[in-house]
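Participant: I have a structure here, written as structure tokens, and I will follow up with some questions on it.
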Amino acid sequence: MSLLKHAKQYLANQSKYAHLNAFVSLAEPSKLLSRGETSTSDHVKTRFHDVTDKPIAIKDNICTKDLKTTASTGILKGFTSPYDATVVKLLQDAGAVVAGKTNMDEFGMGSHSTHSHAGPVKMYRHTADEEKSAGGSSGGSALAVASAQCWAALGTDTGGSVRLPAAYTGVVGFKPSYGLLSRWGVVAYANSLDTVGILGKNVGDVGAVFDKLNAYDPQDPTSLPPSTRARLEKDSTRSSTPLRIGIPLDYNITTLQPAVRQAWLRTLRFLWEQGHSLHPVRLPATQHALSAYYILAPAEASSNLAKYDGVRYGSRAEGIDGTPESVLFAKTRGQGFGPEVQRRILLGAFTLSAQAIDNYFIQAQKVRRVVQQDFNNVFSTQNPLVEGTSESAEEVDKVDVIVCPTAPTPAPSLANVKDQDPISAYMNDVFTVPASLAGLPAISIPVQITPEDQTAEHADYAFDESVGIQVIGQYGDDKLVLEVADAVAKVAPTCQAQAGPTVTSWGASTLEENNSTV
């Protein structure tokens, strides 16, 4: 199939799956078709992992000058950025086509992409299915890839916002090491945690996008300088075959559903059969990581979101704003921010207050450091950003990567999500937050559920569903993480992994009106 036919199929899929609400705005079809027409002589298979002329969706909190950037919030309704984010410019320079802007949780705050000014993202695998969660906050990006509306997509990962949607929708979601990909032009949620992530239908596509974006950006103060990148590149040339695979015992929690646990065991068995060795590791600070994250991230958000007052840019409430007893922009912020954003601003403002900062924010920062130390203690390579890490005498107990579930459950129904209290919703991030706090590279790979994975009391998941298996590596070991992910992807790949835009991640043909499984 030529690139022109692929382009037409992507556009047809965008129309067919519009009810999923994955996109908030779409690029002009002519942009994609014109690229396809000039490339009709090139067979797609010869450029399978090449970003040139491929449609890539952009999360709505990443700035684009040709499409509105609203971060799915009312206070930025109608806002158009005067510039492209660095990652968008790099993709365009590499020949990629921006397919559109994807739906998300407002400012990236959420785990199910339901807190959006544009309405929730809804995942239907088949016509008769109930609405499922696409994960969050990059649910629109993940579902756009899963439903073959684009070749790949960019998201942002603060505490799991790329990996969790990838696990729920059955695609690959990669969060690189913090500082490798530029954040310039990304609407900030929590500066010390925000990382641009990549979603694709297979590891090769994700790796191809990563190679184009992995560059120093002087406009981003958190971008790793060339000297550090050169040192990382030198360290990554090491070869360790067979690999030592870490099994985090602290991730085997009671709420881990049997289907997820069995897929995890199946993955570990597969890696062992390939000649790699398995080693149990302890990450004791994991039980405190989630609490620390939900103190640190809202604290940074309360500071970052203080600039949204409707005066300089964004929308403003109609009528008189503010009263003698309140600030000028009280009405604008009250109407522009959704309930989840307001909740986190209040939580962050409290933890930064003079009365609470010592007991909450400072303690959470200490927990974050302990989480980082836990990872440094189990990895065989030293963290290149930590000077003078002591060498352990028990080197044999250290591992190259960690393999664990991405989420405790497969994708829940939106009906169940609506009934959840905020604390229950936050628990979805329990396996993704630790790597975010430590700034480590982590990737979620889909592994399909088999009949053997289910028990009598948990037999309500279809066999075309998948669960996410996560690979975590030491800081800077992004290439190694991608290599291990490529091996994990062979355990039980989705139908879409090596297919074109005619198949979804759940095996439905996009050419059929009834979404029949191929």
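Ligands are numbered from 1 in the order shown, chains are lettered A, B, ... in the order of the structure tokens, and residues start at 1 in each chain.
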Please provide as a PyMOL selection string all residues within 12 Å of Val88 of chain A, with the sequence filter that same-chain residues fewer than 6 positions apart are discarded (counting only C-alpha atoms).

Facilitator: chain A and resi 56-67+94-101+153-155+181-186+196+209+212-213

Participant: Would you pick out the contacts of Tyr308 of chain A at 9 Å or less, using only C-alpha atoms, so that residues sharing its chain but fewer than 2 positions from it are not included, and give the list as a list of chain:residue names?

Facilitator: A:Ile75, A:Leu76, A:Asn304, A:Leu305, A:Ala306, A:Gly310, A:Val311, A:Arg312, A:Tyr313, A:Gly314, A:Phe329, A:Thr332, A:Arg333

Participant: Based on the backbone DSSP call, show me all residues of segment 134-356 of chain A assigned strand (DSSP E or B), as a list in words.

Facilitator: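 Of segment 134-356 of chain A, the ones in strand (DSSP E or B) are Ala152, Ala153, Leu154, Gly155, Thr156, Asp157, Val172, Gly173, Phe174, Lys175, Val186, Thr195, Val196, Gly197, Ile198, Leu199, Gly200, Arg244, Ile245, Gly246, Ile247, Pro248, Ser277, Leu278, His279, Pro280 and Val281 of chain A.
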
Participant: So that I can check the secondary structure, give me every residue of segment 249-369 of chain A assigned helix (DSSP H, G or I) by backbone DSSP, as a ChimeraX atom specification.

Facilitator: /A:249-251,258-273,286-307,330-336,339-351,361-369

Participant: Rank A:Ser177, A:Thr86, A:Asn103, A:Ser302 by their smallest atom-to-atom distance to Asp217 of chain A, using only C-alpha atoms, and report the top residue only.

Facilitator: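 Closest candidate: A:Thr86.
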
Participant: Give me, please, the distance in Å between atom CA of Leu20 of chain A and atom CA of Met104 of chain A, quoted to one decimal.

Facilitator: 12.3 Å

Participant: Show which residues sit within 8 Å of Gly135 of chain A, as a PyMOL selection string. Count only C-alpha atoms, and ignore same-chain residues fewer than 6 positions away.

Facilitator: chain A and resi 111-113+161+164-169+411

Participant: Residues near segment 116-125 of chain A, anyone? I mean within 6 Å using only C-alpha atoms, not counting same-chain ones fewer than 6 positions away, as number ranges by chain.

Facilitator: A: 20-22, 72-74, 105-106, 131-132, 134

Participant: Just to be explicit: take each residue in the selection above, keep all heavy atoms, and write the result as an mmCIF file, in the first residue's frame.

Facilitator:
```cif
data_model
loop_
_atom_site.group_PDB
_atom_site.id
_atom_site.type_symbol
_atom_site.label_atom_id
_atom_site.label_comp_id
_atom_site.auth_asym_id
_atom_site.auth_seq_id
_atom_site.Cartn_x
_atom_site.Cartn_y
_atom_site.Cartn_z
ATOM 1 N N LEU A 20 -14.982 8.811 19.485
ATOM 2 C CA LEU A 20 -14.102 8.502 20.608
ATOM 3 C C LEU A 20 -13.571 9.766 21.280
ATOM 4 O O LEU A 20 -13.063 9.702 22.395
ATOM 5 C CB LEU A 20 -12.928 7.643 20.132
ATOM 6 C CG LEU A 20 -13.268 6.311 19.443
ATOM 7 C CD1 LEU A 20 -11.991 5.577 19.054
ATOM 8 C CD2 LEU A 20 -14.138 5.438 20.328
ATOM 9 N N ASN A 21 -13.674 10.891 20.584
ATOM 10 C CA ASN A 21 -13.259 12.193 21.110
ATOM 11 C C ASN A 21 -11.765 12.233 21.420
ATOM 12 O O ASN A 21 -11.332 12.864 22.387
ATOM 13 C CB ASN A 21 -14.065 12.553 22.375
ATOM 14 C CG ASN A 21 -14.151 14.044 22.613
ATOM 15 O OD1 ASN A 21 -14.043 14.829 21.674
ATOM 16 N ND2 ASN A 21 -14.353 14.441 23.857
ATOM 17 N N ALA A 22 -10.965 11.562 20.579
ATOM 18 C CA ALA A 22 -9.523 11.539 20.787
ATOM 19 C C ALA A 22 -8.871 12.857 20.383
ATOM 20 O O ALA A 22 -7.852 13.243 20.949
ATOM 21 C CB ALA A 22 -8.897 10.382 20.009
ATOM 22 N N SER A 72 -6.816 21.544 26.997
ATOM 23 C CA SER A 72 -8.148 21.045 27.357
ATOM 24 C C SER A 72 -8.732 21.758 28.576
ATOM 25 O O SER A 72 -9.428 21.162 29.393
ATOM 26 C CB SER A 72 -8.119 19.528 27.592
ATOM 27 O OG SER A 72 -7.887 18.852 26.378
ATOM 28 N N THR A 73 -8.435 23.056 28.701
ATOM 29 C CA THR A 73 -8.954 23.840 29.814
ATOM 30 C C THR A 73 -9.756 25.017 29.286
ATOM 31 O O THR A 73 -9.451 25.568 28.207
ATOM 32 C CB THR A 73 -7.806 24.349 30.710
ATOM 33 O OG1 THR A 73 -8.355 25.175 31.749
ATOM 34 C CG2 THR A 73 -6.802 25.182 29.920
ATOM 35 N N GLY A 74 -10.753 25.413 30.035
ATOM 36 C CA GLY A 74 -11.583 26.532 29.625
ATOM 37 C C GLY A 74 -10.857 27.855 29.652
ATOM 38 O O GLY A 74 -11.179 28.759 28.884
ATOM 39 N N ASP A 105 -6.630 15.190 29.881
ATOM 40 C CA ASP A 105 -7.095 15.770 31.138
ATOM 41 C C ASP A 105 -6.586 17.197 31.232
ATOM 42 O O ASP A 105 -5.459 17.503 30.817
ATOM 43 C CB ASP A 105 -6.567 14.961 32.327
ATOM 44 C CG ASP A 105 -7.330 13.670 32.554
ATOM 45 O OD1 ASP A 105 -8.547 13.739 32.770
ATOM 46 O OD2 ASP A 105 -6.701 12.603 32.504
ATOM 47 N N GLU A 106 -7.413 18.077 31.764
ATOM 48 C CA GLU A 106 -7.087 19.495 31.852
ATOM 49 C C GLU A 106 -5.726 19.716 32.503
ATOM 50 O O GLU A 106 -5.478 19.265 33.628
ATOM 51 C CB GLU A 106 -8.183 20.209 32.652
ATOM 52 C CG GLU A 106 -8.033 21.705 32.721
ATOM 53 C CD GLU A 106 -9.164 22.367 33.513
ATOM 54 O OE1 GLU A 106 -10.040 21.629 34.023
ATOM 55 O OE2 GLU A 106 -9.154 23.602 33.629
ATOM 56 N N GLU A 131 -18.366 1.941 27.479
ATOM 57 C CA GLU A 131 -17.278 2.904 27.387
ATOM 58 C C GLU A 131 -16.179 2.537 28.384
ATOM 59 O O GLU A 131 -16.438 2.315 29.551
ATOM 60 C CB GLU A 131 -17.786 4.310 27.681
ATOM 61 C CG GLU A 131 -18.826 4.828 26.703
ATOM 62 C CD GLU A 131 -19.387 6.174 27.120
ATOM 63 O OE1 GLU A 131 -19.049 6.641 28.234
ATOM 64 O OE2 GLU A 131 -20.166 6.751 26.349
ATOM 65 N N LYS A 132 -14.951 2.474 27.893
ATOM 66 C CA LYS A 132 -13.804 2.176 28.738
ATOM 67 C C LYS A 132 -12.918 3.402 28.866
ATOM 68 O O LYS A 132 -12.934 4.302 28.024
ATOM 69 C CB LYS A 132 -12.992 1.019 28.155
ATOM 70 C CG LYS A 132 -13.687 -0.342 28.169
ATOM 71 C CD LYS A 132 -13.812 -0.879 29.580
ATOM 72 C CE LYS A 132 -14.378 -2.283 29.612
ATOM 73 N NZ LYS A 132 -13.434 -3.295 29.126
ATOM 74 N N ALA A 134 -9.574 5.429 28.554
ATOM 75 C CA ALA A 134 -8.384 5.419 27.704
ATOM 76 C C ALA A 134 -7.141 5.791 28.500
ATOM 77 O O ALA A 134 -6.059 5.949 27.926
ATOM 78 C CB ALA A 134 -8.559 6.384 26.533
#
```
